[in-house]
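A.B. asks: First, the structure itself, so that you have it in front of you.
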Protein chains: 2
Amino acid sequence: MSRLSLNQWTIRPRSLAEAVDGCVRHDIASIGLWRDHVAAHGLTETAALVRSSGLRVSSLCRGGFFNRPDWLEDNRRAIEEAAELEAACLVLVPGGLPAGSKDLSAARSHVAAALATLAPYASEHGVRLAVEPMHPMYCADRSVISTLAQALEVAPPSVGVVVDCFHVWWDPDALSQITRAGDRIASFQLSDFLNPLPADVLLGRAMMGDGVIDFAPLCAAVDAAGYTGDVEVEIFNADVWAADPDEVLPLMKERYASLVERRITR
Amino acid sequence: MSRLSLNQWTIRPRSLAEAVDGCVRHDIASIGLWRDHVAAHGLTETAALVRSSGLRVSSLCRGGFFNRPDWLEDNRRAIEEAAELEAACLVLVPGGLPAGSKDLSAARSHVAAALATLAPYASEHGVRLAVEPMHPMYCADRSVISTLAQALEVAPPSVGVVVDCFHVWWDPDALSQITRAGDRIASFQLSDFLNPLPADVLLGRAMMGDGVIDFAPLCAAVDAAGYTGDVEVEIFNADVWAADPDEVLPLMKERYASLVERRITR
């Protein structure tokens with residue numbers, strides 16, 4: 001259980017302090033933080049709280065959205081925040097099509113250029129960037145980067161990738177691209193894929209075991225690729241958000257133990 | 001406008017006779033038929049009606065669903081129906097995961113085996129099979145075949161593929177795989193991708209121009225690949241279904257003329 005991390009959006013309605021407290025009380029050693037929650041708590045205060053609690057910060061979510069006019073300034077701030085929080089990586093959601101545009105090819109080229117621009121700034125700050133390819137149903141509005149192969153191609157070698165089971169499970173090349181990614185895997189995230197999807201497809205994630213994903217081959221591939229970092233559970237789901245975290249966190253540990261942990265050997 | 005075809009599910013609430021009549025009155029020379037509508041009208045009667053109306057049958061939708069217990073018998077019947085209707089191809093929707101299974105790899109292998117089983121039967125009947133890779137958001141319930149590359153790999157060489165813009169627009173390899181497909185392109189279908197998606201993602205299609213797809217590069221690639229067949233408009237959309245076909249069909253022709261036709265040179 002030592003590599004399990006709670007991404008705090010799994011209990012999104014709860015404050016940063018409550019999420020940290022939940023990890024401590026439920027013996028979860030690592031947490032994935034979100035910038036909105038960090039800002040509400042205060043950056044310096046968050047860094048102090050996490051350190052005094054003894055938690056690792058498995059990721060900071062999220063930079064990216066390179067289709068927005070203020071992307072450069074915002075991502076520089078995100079890098080500075082990730083450095084202060086000593087996050088293992090800064091997750092980058094590439095962003096969809098710019099407002100009013102249908103030029104997918106140009107949007108993808110812009111992501112490549114933005115990553116090349118940000119990589120040196122991240123290195124200076126000791127921050128590892130992690131591009132997240134997202135499920136193709138989000139191509140228009142959240143990520144023009146839809147596959148691991150594409151993420152590995154558009155990102156400079158110093159930039160890592162996020163392997164999120166929800167986003168990549170369907171990809172016929174998922175396992176081979178995880179192998180190819182090797183030490184560029186900067187984050188490994190878990191949540192299940194609901195079928196049918198709910199009305200808001202952003203909330204189509206579920207607790208592991210409640211959807212259609214077979215986690216075994218994905219976990220085995222990530223393990224075989226040499227990944228030794230934390231394994232984050234990140235669920236966007238209205239029912240999970242409405243539930244008591246003191247029920248969600250034990251269930252998360254139980255499902256992690258039965259579906260994931262034995263596939264992670266390192 | 002000579003290659004434009006109305007897929008009859010674009011006006012799904014209308015009967016087969018009404019769809020044929022709509023094509024004749026609006027000078028649309030080709031129609032894509034659905035088996036449920038054909039069965040309601042009668043197979044022999046449909047074949048006679050279409051011939052007497054002078055329409056081409058650009059496709060029969062649909063066989064496939066290889067995850068269902070009766071797939072073999074049902075697909076043989078579909079092939080026989082396509083032969084009687086002289087359809088240019090029989091569209092195959094591969095089907096999702098079998099009930100209770102999460103074994104995606106096994107489901108994909110089964111699709112390959114089913115296609116190999118059906119290909120000779122189709123050849124004997126002079127029917128061209130066309131596998132349709134579908135958007136990854138349908139992977140669990142409608143098609144474990146999610147990309148053109150995958151379709152071209154699992155299908156025997158005699159089996160063609162459907163290039164449906166709605167399903168493939170997001171794919172970073174769409175254009176290169178269209179080129180690779182060449183004369184294996186058995187059907188080219190149009191509809192736009194809505195953003196945001198509606199509550200039922202099956203109805204996330206729209207009239208060309210009302211969504212996020214840039215049709216120009218897809219049309220140019222299909223054209224360059226040598227495709228000379230009909231171009232079918234297939235829209236699953238609650239508003240389009242509720243509209244008067246005498247408004248839908250002229251709008252379809254208008255959008256086809258402005259967004260598609262000049263990209264189709266052959």
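Just so we're on the same page: first chain in the structure tokens is A, next is B, and so on; residues restart at 1 for each chain, and ligands are numbered from 1 in the order they show up.
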Compile the contact shell of range 26-37 of chain B as a ChimeraX atom specification: residues with an atom at most 10 Å away, counting only C-alpha atoms, same-chain residues fewer than 5 positions apart removed.

C.D. replies: /B:1-10,12-17,19-21,42-43,46,50,53-63,78,81-82,85,87-91,230-234,246,249-250,253

A.B. asks: How about saving the chosen residues, C-alpha atoms kept, as an mmCIF file, in the first residue's frame?

C.D. replies:
```
data_model
loop_
_atom_site.group_PDB
_atom_site.id
_atom_site.type_symbol
_atom_site.label_atom_id
_atom_site.label_comp_id
_atom_site.auth_asym_id
_atom_site.auth_seq_id
_atom_site.Cartn_x
_atom_site.Cartn_y
_atom_site.Cartn_z
ATOM 1 C CA MET B 1 -23.956 16.491 -55.985
ATOM 2 C CA SER B 2 -24.028 13.156 -57.858
ATOM 3 C CA ARG B 3 -22.174 11.205 -55.144
ATOM 4 C CA LEU B 4 -24.200 12.424 -52.183
ATOM 5 C CA SER B 5 -26.119 9.697 -50.351
ATOM 6 C CA LEU B 6 -28.704 9.956 -47.602
ATOM 7 C CA ASN B 7 -28.178 7.417 -44.866
ATOM 8 C CA GLN B 8 -31.747 6.823 -43.812
ATOM 9 C CA TRP B 9 -31.003 7.085 -40.070
ATOM 10 C CA THR B 10 -30.470 10.812 -40.686
ATOM 11 C CA ARG B 12 -34.705 7.844 -38.658
ATOM 12 C CA PRO B 13 -38.358 8.415 -37.616
ATOM 13 C CA ARG B 14 -39.421 8.271 -41.292
ATOM 14 C CA SER B 15 -40.306 5.030 -43.025
ATOM 15 C CA LEU B 16 -38.281 3.496 -45.796
ATOM 16 C CA ALA B 17 -40.855 4.625 -48.377
ATOM 17 C CA ALA B 19 -36.866 8.150 -47.177
ATOM 18 C CA VAL B 20 -36.855 6.900 -50.782
ATOM 19 C CA ASP B 21 -39.471 9.488 -51.718
ATOM 20 C CA GLY B 42 -40.131 -6.039 -46.603
ATOM 21 C CA LEU B 43 -36.835 -7.081 -48.208
ATOM 22 C CA THR B 46 -37.504 -2.645 -50.678
ATOM 23 C CA VAL B 50 -35.222 1.222 -54.711
ATOM 24 C CA SER B 53 -36.891 4.746 -57.998
ATOM 25 C CA GLY B 54 -33.505 4.656 -59.724
ATOM 26 C CA LEU B 55 -31.555 5.016 -56.489
ATOM 27 C CA ARG B 56 -28.196 3.427 -55.750
ATOM 28 C CA VAL B 57 -27.845 1.692 -52.378
ATOM 29 C CA SER B 58 -24.601 3.061 -50.954
ATOM 30 C CA SER B 59 -24.633 0.732 -47.945
ATOM 31 C CA LEU B 60 -26.686 -1.582 -45.820
ATOM 32 C CA CYS B 61 -26.367 -0.926 -42.074
ATOM 33 C CA ARG B 62 -25.566 -3.043 -40.251
ATOM 34 C CA GLY B 63 -24.036 -6.372 -39.521
ATOM 35 C CA ALA B 78 -27.259 -9.537 -43.396
ATOM 36 C CA GLU B 81 -29.958 -9.014 -47.587
ATOM 37 C CA ALA B 82 -27.109 -6.838 -48.879
ATOM 38 C CA LEU B 85 -30.494 -4.980 -52.221
ATOM 39 C CA ALA B 87 -25.824 -2.568 -51.660
ATOM 40 C CA ALA B 88 -22.332 -1.233 -52.392
ATOM 41 C CA CYS B 89 -21.262 -2.615 -49.010
ATOM 42 C CA LEU B 90 -22.490 -4.129 -45.779
ATOM 43 C CA VAL B 91 -21.383 -1.988 -42.842
ATOM 44 C CA ASP B 230 -20.871 7.573 -52.690
ATOM 45 C CA VAL B 231 -20.535 9.954 -49.761
ATOM 46 C CA GLU B 232 -23.117 9.187 -47.107
ATOM 47 C CA VAL B 233 -24.531 11.601 -44.574
ATOM 48 C CA GLU B 234 -25.403 9.704 -41.382
ATOM 49 C CA ASP B 246 -38.055 18.557 -46.333
ATOM 50 C CA LEU B 249 -32.467 17.245 -46.915
ATOM 51 C CA PRO B 250 -31.985 20.699 -48.497
ATOM 52 C CA LYS B 253 -27.241 19.340 -49.693
#
```

A.B. asks: When the cut-off is 10 Å and we count only C-alpha atoms, which residues of chain B are near chain A, given as a PyMOL selection string?

C.D. replies: chain B and resi 97+100-105+108+135-141+144-147+149-150+167-173+193-201+211-215+217

A.B. asks: To one decimal place in Å, what is the distance between CA of Ser258 in chain B and CA of Gly96 in chain A?

C.D. replies: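 Taking CA of Ser258 in chain B as the start and CA of Gly96 in chain A as the end point, the length is 25.3 Å.
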
A.B. asks: What is the CA of Gly64 in chain A-CA of Ser187 in chain A distance in Å, reported with one decimal?

C.D. replies: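 These atoms are spaced 15.5 Å apart.
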
A.B. asks: Would you mind telling me which residue in A:Arg76, A:His110, A:Arg184, A:Arg128 lies nearest to Val161 in chain A when using only C-alpha atoms?

C.D. replies: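 The closest residue to Val161 in chain A is A:Arg184.
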
A.B. asks: Return as a list in words the full set of residues in range 83-150 of chain B whose backbone-based DSSP assignment is strand (DSSP E).

C.D. replies: Leu90, Val91, Leu92, Val93, Leu129, Ala130 and Val131 of chain B

A.B. asks: Which polymer residues have any atom within 10 Å of an atom of Arg255 in chain A, counting only C-alpha atoms, with same-chain residues fewer than 3 positions away left out, as a ChimeraX atom specification?

C.D. replies: /A:207-210,249-252,258-261
